[in-house]
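*Asks:* Please read through the structure below; I'll follow up with questions.
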Amino acid sequence: MTQTNQRMEPAPPPTRSPRRKRRDLANPRGLSRGQAIVQGIVLTIGAIAFLFPFYYMVVGSLQTSPNTTIAGAFPNPANLTLNNYVNIDSRIDLVQGLINSGIFTGGVLLGTVVFGVLAGYALAILQWRGRGVTFALALLVQTIPFQLLMIPLYVLIARSYGLADNYLGMILPFVINSAAVLIFRQYFLQLPRELFDAARVDGAGEFRLLWRIALPLVRPALVTALLLTFIGPWNEFLWPFLITKDASLQPLAVSLANYISNVSGSTANPYGAILAGAVVLAAPVVVLFIVFQRYFTSSDLGSSVKG
Amino acid sequence: MTTTSAPPAAGTAPAAGPGRRHRAPIVQRVLGRNPLGWLFSAPYIVFVLVIYAFPLCFAVYMSFFDYFFAAPGANVTQPFVGLDNYIQVFTDPQVLQSFVNVGIFLIINVPLTVVLSLLLASGLNSITRFRTFLRTSYYVPYVTASVAIIGVWLFLFGQNGLINNILGPLAPSPSWLSSPVLAMPTIAIYVTWKGLGFYILLYLAALQNVPTELYESAATDGAGKVRQFFSVTVPGVRSATVLVLLLATITGANLFTEPYLLTGGGGPDGHSASPVLLVYQQGIQQGHPGYAAAIGIVLVIGVLIIGWLQNRFVGERD
């Protein structure tokens, strides 16, 4: 997994048919002009299918009255309003929801950075008995389905420890992201061993080594792991839904889902309000991933699932 | 697993050299050369034990009892019921229906996921322009909350939604999400669409490891692009395919949010109820956590069997 994903070869120059055979041999992945056009069309249709619902989300959230005809897919100046945002905000406190999502996500990110980096460093650099077993555990827990843990965790956290309606209870099951631990380990493994040996000879302790030498060198891994960790709690619905009954503590995903399933019928334009809430919930993640897209590449993620 | 992950062999612990062997402190002999590794990993190990290992055992234990919620601190006896919960799982028509539903879901979702993500990934791998834009647009649904996107899908696939307006007289009646036949396939297509971006990234990583020489020799032998795809690409990414199959199956078996919100709790008439939805209803709403745990365990055993079969028939045969 050391090579980067960006294999940007220059496009082969357009060639006339007598030379096509030779070009095909030189660059076997190169496609003929017709094939390239078909491929371009398929990929573009794919991109439209992936992006259209997001566009429609924004358009729908701005409509005064829902217009589901084909013309409704285009913004109509006579039918534009920001009222839906005001409506949804009066039903579910958007700011409080965002703050709760932020605390939930922030807690998970903090736990993953602090404890995940330590575990990743120990798994990659330090020699200790039980390292192999711990590594196997980190791989294994990713395949344990949450549906099996849901009931016992609910009994333990909500009933036994009394952590229902509590940020700690929300954060606890996600506090260290195993995929992030494996990404950290993978990046620490790629650092040259001589670096650590030299620093140890100079008398640096392991904490100092980690903080001063290893961590600054794996900063891209930190961003990748944080991005990957971020989407988990920010989008998580089931667990916070189980554990929070108090509306003032619910993350935005939970309060919006409750609105969709319970109260939306009592509003004049329920779809507009739902879509406005959806835009507020989706926007931070979409913006984050567009800004940091170069850190979210296949090679980085590959290490988290393949070890 | 890489070789570096192997537990340190007995010989590596006293690395100080044969002459100083007897001087290695007891801590290092028991815990390995860097006992600090234990300290660094301790929080993670405790996390795995508390959040995964113990609840896993607790779920198995609970499934043999008529477990019920008691006030915190109250000392009540939960009667042992043996296999009663499991017998109930296999005789409750609601539960059986939900297993059929998730089966329909997996039959549509898993093959569609594998085929579409491999096709889009190999397309993406060979283009040079707009690559970043396309890659990003494919994973945007994956990173967005399902709750947010479900709002749009309700709007798109509703009775009078845009899709039905485009289809006109071809629109199904009853509509997508209120039809007992179409509800589950619609959910399956939604989940496929939403998760595809992640699997495309996995396939893109695997495609980097297919040697270019294989394509070159296939081209020399006169194989066209389609033939190259089936003879070089598909076998070349087989280990990624096994992974995608397994992850898609696990994710699919975890289905909860979509039937809860898209079809209003598994409607119409339980035709889109998933086992996890029943685990929630039985375990938390109706207060039978023992029974719910049994449903969960049967589901996980089913997933393990499917995963084993996938690995056997698709995985490497050596």
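Residue numbers start at 1 in each chain; chains themselves are named A, B, ... in the order of the structure tokens; ligands are numbered from 1 in the order shown.
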Contacts of Leu214 (chain B) at 10 Å or less, counting only C-alpha atoms, minus same-chain residues fewer than 6 places along, as a compact mmCIF listing (two decimals) with N, CA and C atoms, in the first residue's frame?
*Replies:*
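Ended up saving to around01.txt:
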# COMPACT_ATOMS: atom_id res chain seq x y z
N PRO A 28 -1.14 -0.37 -22.94
CA PRO A 28 -2.25 -1.31 -23.10
C PRO A 28 -3.53 -0.84 -22.43
N THR B 220 -0.87 -8.13 -26.41
CA THR B 220 -0.04 -8.76 -27.42
C THR B 220 -0.71 -10.02 -27.97
N GLN B 228 -9.79 -8.29 -21.76
CA GLN B 228 -8.80 -7.96 -20.74
C GLN B 228 -9.46 -7.75 -19.37
N SER B 231 -10.34 -11.26 -18.11
CA SER B 231 -9.24 -12.21 -17.92
C SER B 231 -8.13 -11.66 -17.03
N VAL B 232 -8.00 -10.34 -16.95
CA VAL B 232 -6.91 -9.78 -16.16
C VAL B 232 -7.47 -9.04 -14.94
N THR B 233 -8.39 -8.11 -15.17
CA THR B 233 -8.85 -7.27 -14.06
C THR B 233 -9.61 -8.09 -13.02
N GLY B 236 -7.51 -10.34 -11.06
CA GLY B 236 -6.49 -9.56 -10.36
C GLY B 236 -7.00 -8.92 -9.09
*Asks:* So which residues touch region 141-145 of chain B within 8 Å, counting only C-alpha atoms, skipping near sequence neighbours fewer than 3 positions away, as a list in words?
*Replies:*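 Here the qualifying residues turn out to be Phe50, Ile231, Trp234, Asn235, Glu236, Ala253, Leu281, Ala282, Val285, Val286 and Phe289 of chain A; Ser137, Tyr138, Ala148, Ile149, Trp193, Lys194, Gly195, Leu196, Gly197 and Phe198 of chain B.
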*Asks:* Convert the current residue selection to file output with N, CA and C atoms, as a compact mmCIF listing (two decimals), in the first residue's frame.
*Replies:*
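Full text of selection.txt as output:
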# COMPACT_ATOMS: atom_id res chain seq x y z
N PHE A 50 -25.06 10.28 -8.91
CA PHE A 50 -24.60 10.42 -7.54
C PHE A 50 -24.83 11.83 -7.00
N ILE A 231 -16.98 10.72 9.87
CA ILE A 231 -18.27 10.35 9.30
C ILE A 231 -19.02 9.37 10.18
N TRP A 234 -20.81 11.47 13.23
CA TRP A 234 -21.64 12.56 12.68
C TRP A 234 -22.90 12.00 12.03
N ASN A 235 -22.76 10.87 11.35
CA ASN A 235 -23.89 10.29 10.63
C ASN A 235 -24.62 9.22 11.43
N GLU A 236 -24.05 8.80 12.56
CA GLU A 236 -24.63 7.69 13.30
C GLU A 236 -26.04 8.03 13.76
N ALA A 253 -28.77 14.27 13.54
CA ALA A 253 -29.29 13.13 12.77
C ALA A 253 -30.49 12.52 13.48
N LEU A 281 -27.69 19.11 7.95
CA LEU A 281 -26.98 17.92 8.44
C LEU A 281 -25.87 17.50 7.47
N ALA A 282 -26.15 17.60 6.16
CA ALA A 282 -25.20 17.08 5.17
C ALA A 282 -24.08 18.05 4.88
N VAL A 285 -20.32 17.80 6.37
CA VAL A 285 -19.54 16.65 5.91
C VAL A 285 -19.15 16.82 4.45
N VAL A 286 -20.10 17.22 3.62
CA VAL A 286 -19.81 17.34 2.19
C VAL A 286 -18.70 18.37 1.98
N PHE A 289 -15.31 17.01 3.07
CA PHE A 289 -14.73 16.00 2.20
C PHE A 289 -14.32 16.56 0.86
N SER B 137 -17.30 12.84 -6.45
CA SER B 137 -18.76 12.79 -6.54
C SER B 137 -19.28 11.40 -6.22
N TYR B 138 -18.48 10.35 -6.48
CA TYR B 138 -18.94 9.00 -6.17
C TYR B 138 -18.99 8.75 -4.66
N ALA B 148 -30.15 12.25 6.25
CA ALA B 148 -30.29 13.41 5.38
C ALA B 148 -30.73 12.98 3.98
N ILE B 149 -30.09 11.93 3.45
CA ILE B 149 -30.40 11.53 2.07
C ILE B 149 -31.78 10.90 1.98
N TRP B 193 -26.64 2.41 -3.87
CA TRP B 193 -26.23 3.73 -4.36
C TRP B 193 -25.42 4.46 -3.29
N LYS B 194 -25.89 4.40 -2.06
CA LYS B 194 -25.26 5.18 -1.00
C LYS B 194 -23.87 4.65 -0.65
N GLY B 195 -23.70 3.32 -0.65
CA GLY B 195 -22.44 2.76 -0.20
C GLY B 195 -21.40 2.58 -1.28
N LEU B 196 -21.80 2.75 -2.54
CA LEU B 196 -20.94 2.42 -3.66
C LEU B 196 -19.57 3.12 -3.60
N GLY B 197 -19.56 4.38 -3.17
CA GLY B 197 -18.32 5.16 -3.17
C GLY B 197 -17.21 4.49 -2.39
N PHE B 198 -17.53 3.93 -1.25
CA PHE B 198 -16.51 3.28 -0.42
C PHE B 198 -15.93 2.06 -1.14
*Asks:* Which of these residues is nearest to chain A, using only C-alpha atoms: B:Ile108, B:Ala219, B:Met184, B:Ile306?
*Replies:* B:Ala219
*Asks:* Quick one: residues within 10 Å of Leu118 (chain A), only C-alpha atoms counted, chain neighbours fewer than 5 positions away excluded, as number ranges by chain?
*Replies:* A: 112-113, 123, 181, 184-185, 207, 210; B: 37, 39-44
*Asks:* Can you list, as a list in words, every protein, DNA or RNA residue that comes within 8 Å of Leu31 (chain B) when you count only C-alpha atoms, leaving out same-chain residues fewer than 4 positions away?
*Replies:*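 Selected residues are Trp128, Arg129 and Gly130 of chain A; Val27, Pro35 and Trp38 of chain B.
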*Asks:* Using C-alpha atoms, can you write the selected residues to a file as a short mmCIF file (atom, residue, chain, number, x, y, z; two decimals), in the first residue's frame?
*Replies:*
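The new file out.cif reads:
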data_model
loop_
_atom_site.label_atom_id
_atom_site.label_comp_id
_atom_site.auth_asym_id
_atom_site.auth_seq_id
_atom_site.Cartn_x
_atom_site.Cartn_y
_atom_site.Cartn_z
CA TRP A 128 5.94 -6.43 23.22
CA ARG A 129 4.28 -9.70 23.96
CA GLY A 130 0.65 -9.71 22.84
CA VAL B 27 9.34 -7.20 33.24
CA PRO B 35 6.89 -3.15 28.04
CA TRP B 38 1.38 -2.54 26.91
#
*Asks:* Would you mind telling me which residue in B:Ile189, B:Ala273, B:Leu36, B:Ala293 lies nearest to Ala59 (chain B) when using only C-alpha atoms?
*Replies:*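 When distances to Ala59 (chain B) are compared using only C-alpha atoms, the smallest one comes from B:Ala293.
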*Asks:* Under the rule that only C-alpha atoms are counted, which of B:Phe229, B:Phe130, B:Phe313, B:Trp176 is the nearest residue to Tyr190 (chain B)?
*Replies:*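 The shortest atom-to-atom distance to Tyr190 (chain B) comes from B:Trp176.
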*Asks:* Taking 3 positions as the minimum chain separation for residues in the same chain, which residues sit within 10 Å of Val141 (chain A) when counting only C-alpha atoms? Answer as a list in words.
*Replies:*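 The residues that qualify are Ala136, Leu137, Ala138, Ile144, Pro145, Phe146, Ser178 and Ala179 of chain A; Val48, Ile51, Tyr52 and Ala53 of chain B.
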*Asks:* I want to know what sits within 12 Å of Thr229 (chain A), based on only C-alpha atoms, with residues of the same chain fewer than 3 positions away left out; could you give that as a VMD selection string?
*Replies:* (chain A and resid 104 to 113 116 174 to 181 183 221 to 226 232 to 236 285 296 301 304) or (chain B and resid 143)
*Asks:* Would you mind exporting the chosen residues as a PDB file, in the first residue's frame, restricted to C-alpha atoms?
*Replies:*
ATOM      1  CA  PHE A 104     -20.450  13.527  20.009  1.00  0.00           C
ATOM      2  CA  THR A 105     -18.099  13.672  17.020  1.00  0.00           C
ATOM      3  CA  GLY A 106     -15.466  15.700  18.875  1.00  0.00           C
ATOM      4  CA  GLY A 107     -15.367  13.205  21.731  1.00  0.00           C
ATOM      5  CA  VAL A 108     -14.865  10.315  19.329  1.00  0.00           C
ATOM      6  CA  LEU A 109     -12.172  12.222  17.404  1.00  0.00           C
ATOM      7  CA  LEU A 110     -10.339  13.105  20.618  1.00  0.00           C
ATOM      8  CA  GLY A 111     -10.443   9.525  21.895  1.00  0.00           C
ATOM      9  CA  THR A 112      -9.295   8.175  18.541  1.00  0.00           C
ATOM     10  CA  VAL A 113      -6.430  10.635  18.203  1.00  0.00           C
ATOM     11  CA  GLY A 116      -5.617   5.382  18.676  1.00  0.00           C
ATOM     12  CA  PHE A 174     -17.244   4.644  19.397  1.00  0.00           C
ATOM     13  CA  VAL A 175     -14.464   6.264  21.397  1.00  0.00           C
ATOM     14  CA  ILE A 176     -11.586   4.537  19.558  1.00  0.00           C
ATOM     15  CA  ASN A 177     -12.011   3.840  15.856  1.00  0.00           C
ATOM     16  CA  SER A 178     -10.285   0.540  15.032  1.00  0.00           C
ATOM     17  CA  ALA A 179      -9.891   1.458  11.359  1.00  0.00           C
ATOM     18  CA  ALA A 180      -8.023   4.594  12.435  1.00  0.00           C
ATOM     19  CA  VAL A 181      -5.747   2.528  14.700  1.00  0.00           C
ATOM     20  CA  ILE A 183      -4.215   3.433   9.505  1.00  0.00           C
ATOM     21  CA  ALA A 221      -2.367   9.835   8.093  1.00  0.00           C
ATOM     22  CA  LEU A 222      -3.785  11.880  10.923  1.00  0.00           C
ATOM     23  CA  VAL A 223      -5.991  13.807   8.485  1.00  0.00           C
ATOM     24  CA  THR A 224      -7.143  10.631   6.705  1.00  0.00           C
ATOM     25  CA  ALA A 225      -7.931   8.852   9.954  1.00  0.00           C
ATOM     26  CA  LEU A 226      -9.758  11.887  11.336  1.00  0.00           C
ATOM     27  CA  GLY A 232     -19.000   7.603  11.835  1.00  0.00           C
ATOM     28  CA  PRO A 233     -20.433   9.604  14.766  1.00  0.00           C
ATOM     29  CA  TRP A 234     -21.635  12.559  12.682  1.00  0.00           C
ATOM     30  CA  ASN A 235     -23.893  10.291  10.634  1.00  0.00           C
ATOM     31  CA  GLU A 236     -24.628   7.686  13.305  1.00  0.00           C
ATOM     32  CA  VAL A 285     -19.540  16.651   5.914  1.00  0.00           C
ATOM     33  CA  PHE A 296      -9.400  10.432   1.308  1.00  0.00           C
ATOM     34  CA  LEU A 301      -8.272   3.447   3.258  1.00  0.00           C
ATOM     35  CA  SER A 304      -7.618   0.111   7.356  1.00  0.00           C
TER      36      SER A 304
ATOM     37  CA  VAL B 143     -19.928  10.225   3.619  1.00  0.00           C
TER      38      VAL B 143
END
*Asks:* Could you pull out all residues of region 155-194 of chain A with a DSSP call of alpha helix (DSSP H) and give them as a list in words?
*Replies:* Tyr167, Leu168, Gly169, Met170, Ile171, Ser178, Ala179, Ala180, Val181, Leu182, Ile183, Phe184, Arg185, Gln186, Tyr187, Phe188, Leu189, Arg193 and Glu194 of chain A
*Asks:* For those residues, write N, CA and C atoms to a file as a short mmCIF file (atom, residue, chain, number, x, y, z; two decimals), in the first residue's frame.
*Replies:*
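What ended up in selection-v3.cif:
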data_model
loop_
_atom_site.label_atom_id
_atom_site.label_comp_id
_atom_site.auth_asym_id
_atom_site.auth_seq_id
_atom_site.Cartn_x
_atom_site.Cartn_y
_atom_site.Cartn_z
N TYR A 167 -23.72 12.58 27.26
CA TYR A 167 -22.76 12.57 26.15
C TYR A 167 -21.80 11.41 26.25
N LEU A 168 -21.38 11.09 27.48
CA LEU A 168 -20.41 10.02 27.67
C LEU A 168 -20.97 8.69 27.16
N GLY A 169 -22.25 8.43 27.47
CA GLY A 169 -22.88 7.20 27.02
C GLY A 169 -22.97 7.13 25.51
N MET A 170 -23.16 8.30 24.89
CA MET A 170 -23.24 8.38 23.45
C MET A 170 -21.88 8.05 22.83
N ILE A 171 -20.81 8.62 23.42
CA ILE A 171 -19.47 8.54 22.83
C ILE A 171 -18.84 7.16 23.07
N SER A 178 -11.29 1.57 15.34
CA SER A 178 -10.28 0.54 15.03
C SER A 178 -9.66 0.75 13.66
N ALA A 179 -10.44 1.21 12.69
CA ALA A 179 -9.89 1.46 11.36
C ALA A 179 -8.80 2.52 11.44
N ALA A 180 -9.02 3.54 12.29
CA ALA A 180 -8.02 4.59 12.44
C ALA A 180 -6.76 4.04 13.08
N VAL A 181 -6.92 3.15 14.07
CA VAL A 181 -5.75 2.53 14.70
C VAL A 181 -4.90 1.83 13.64
N LEU A 182 -5.58 1.11 12.72
CA LEU A 182 -4.83 0.37 11.70
C LEU A 182 -4.19 1.32 10.69
N ILE A 183 -4.84 2.45 10.40
CA ILE A 183 -4.21 3.43 9.50
C ILE A 183 -2.96 4.01 10.16
N PHE A 184 -3.05 4.36 11.45
CA PHE A 184 -1.88 4.88 12.16
C PHE A 184 -0.75 3.86 12.13
N ARG A 185 -1.08 2.61 12.44
CA ARG A 185 -0.06 1.56 12.46
C ARG A 185 0.64 1.47 11.10
N GLN A 186 -0.17 1.47 10.03
CA GLN A 186 0.36 1.34 8.68
C GLN A 186 1.36 2.46 8.38
N TYR A 187 1.01 3.68 8.78
CA TYR A 187 1.89 4.81 8.50
C TYR A 187 3.15 4.78 9.35
N PHE A 188 3.01 4.39 10.62
CA PHE A 188 4.20 4.30 11.48
C PHE A 188 5.15 3.22 10.94
N LEU A 189 4.59 2.14 10.40
CA LEU A 189 5.42 1.06 9.85
C LEU A 189 6.27 1.54 8.70
N ARG A 193 13.23 2.54 10.33
CA ARG A 193 13.56 2.10 11.70
C ARG A 193 14.78 2.82 12.24
N GLU A 194 15.72 3.18 11.33
CA GLU A 194 16.98 3.81 11.78
C GLU A 194 16.69 5.08 12.56
#
*Asks:* Measuring atom to atom with only C-alpha atoms, identify which of B:Asn254, B:Ser146, B:Ser217, B:Gln159 is nearest to Pro275 (chain B).
*Replies:*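 Smallest distance to Pro275 (chain B) is found for B:Asn254.
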*Asks:* Just checking: using only C-alpha atoms, which residue out of B:Ile127, B:Leu154, B:Leu118, B:Val102 ends up closest to Gly40 (chain A)?
*Replies:*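 Using only C-alpha atoms, the shortest distance to Gly40 (chain A) belongs to B:Ile127.
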*Asks:* Nearest to Phe99 (chain B): which of B:Pro211, B:Gly264, B:Gly252, B:Gly315 is it, counting only C-alpha atoms?
*Replies:*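 For Phe99 (chain B), the nearest of the candidates is B:Gly252.
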*Asks:* What is the distance, in Å and to one decimal place, between CA of Arg131 (chain B) and CA of Ser32 (chain A)?
*Replies:*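 These two atoms are separated by 18.5 Å.
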*Asks:* Please, what distance in Å, to one decimal, runs between CA of Pro172 (chain B) and CA of Ile107 (chain B)?
*Replies:* 21.6 Å
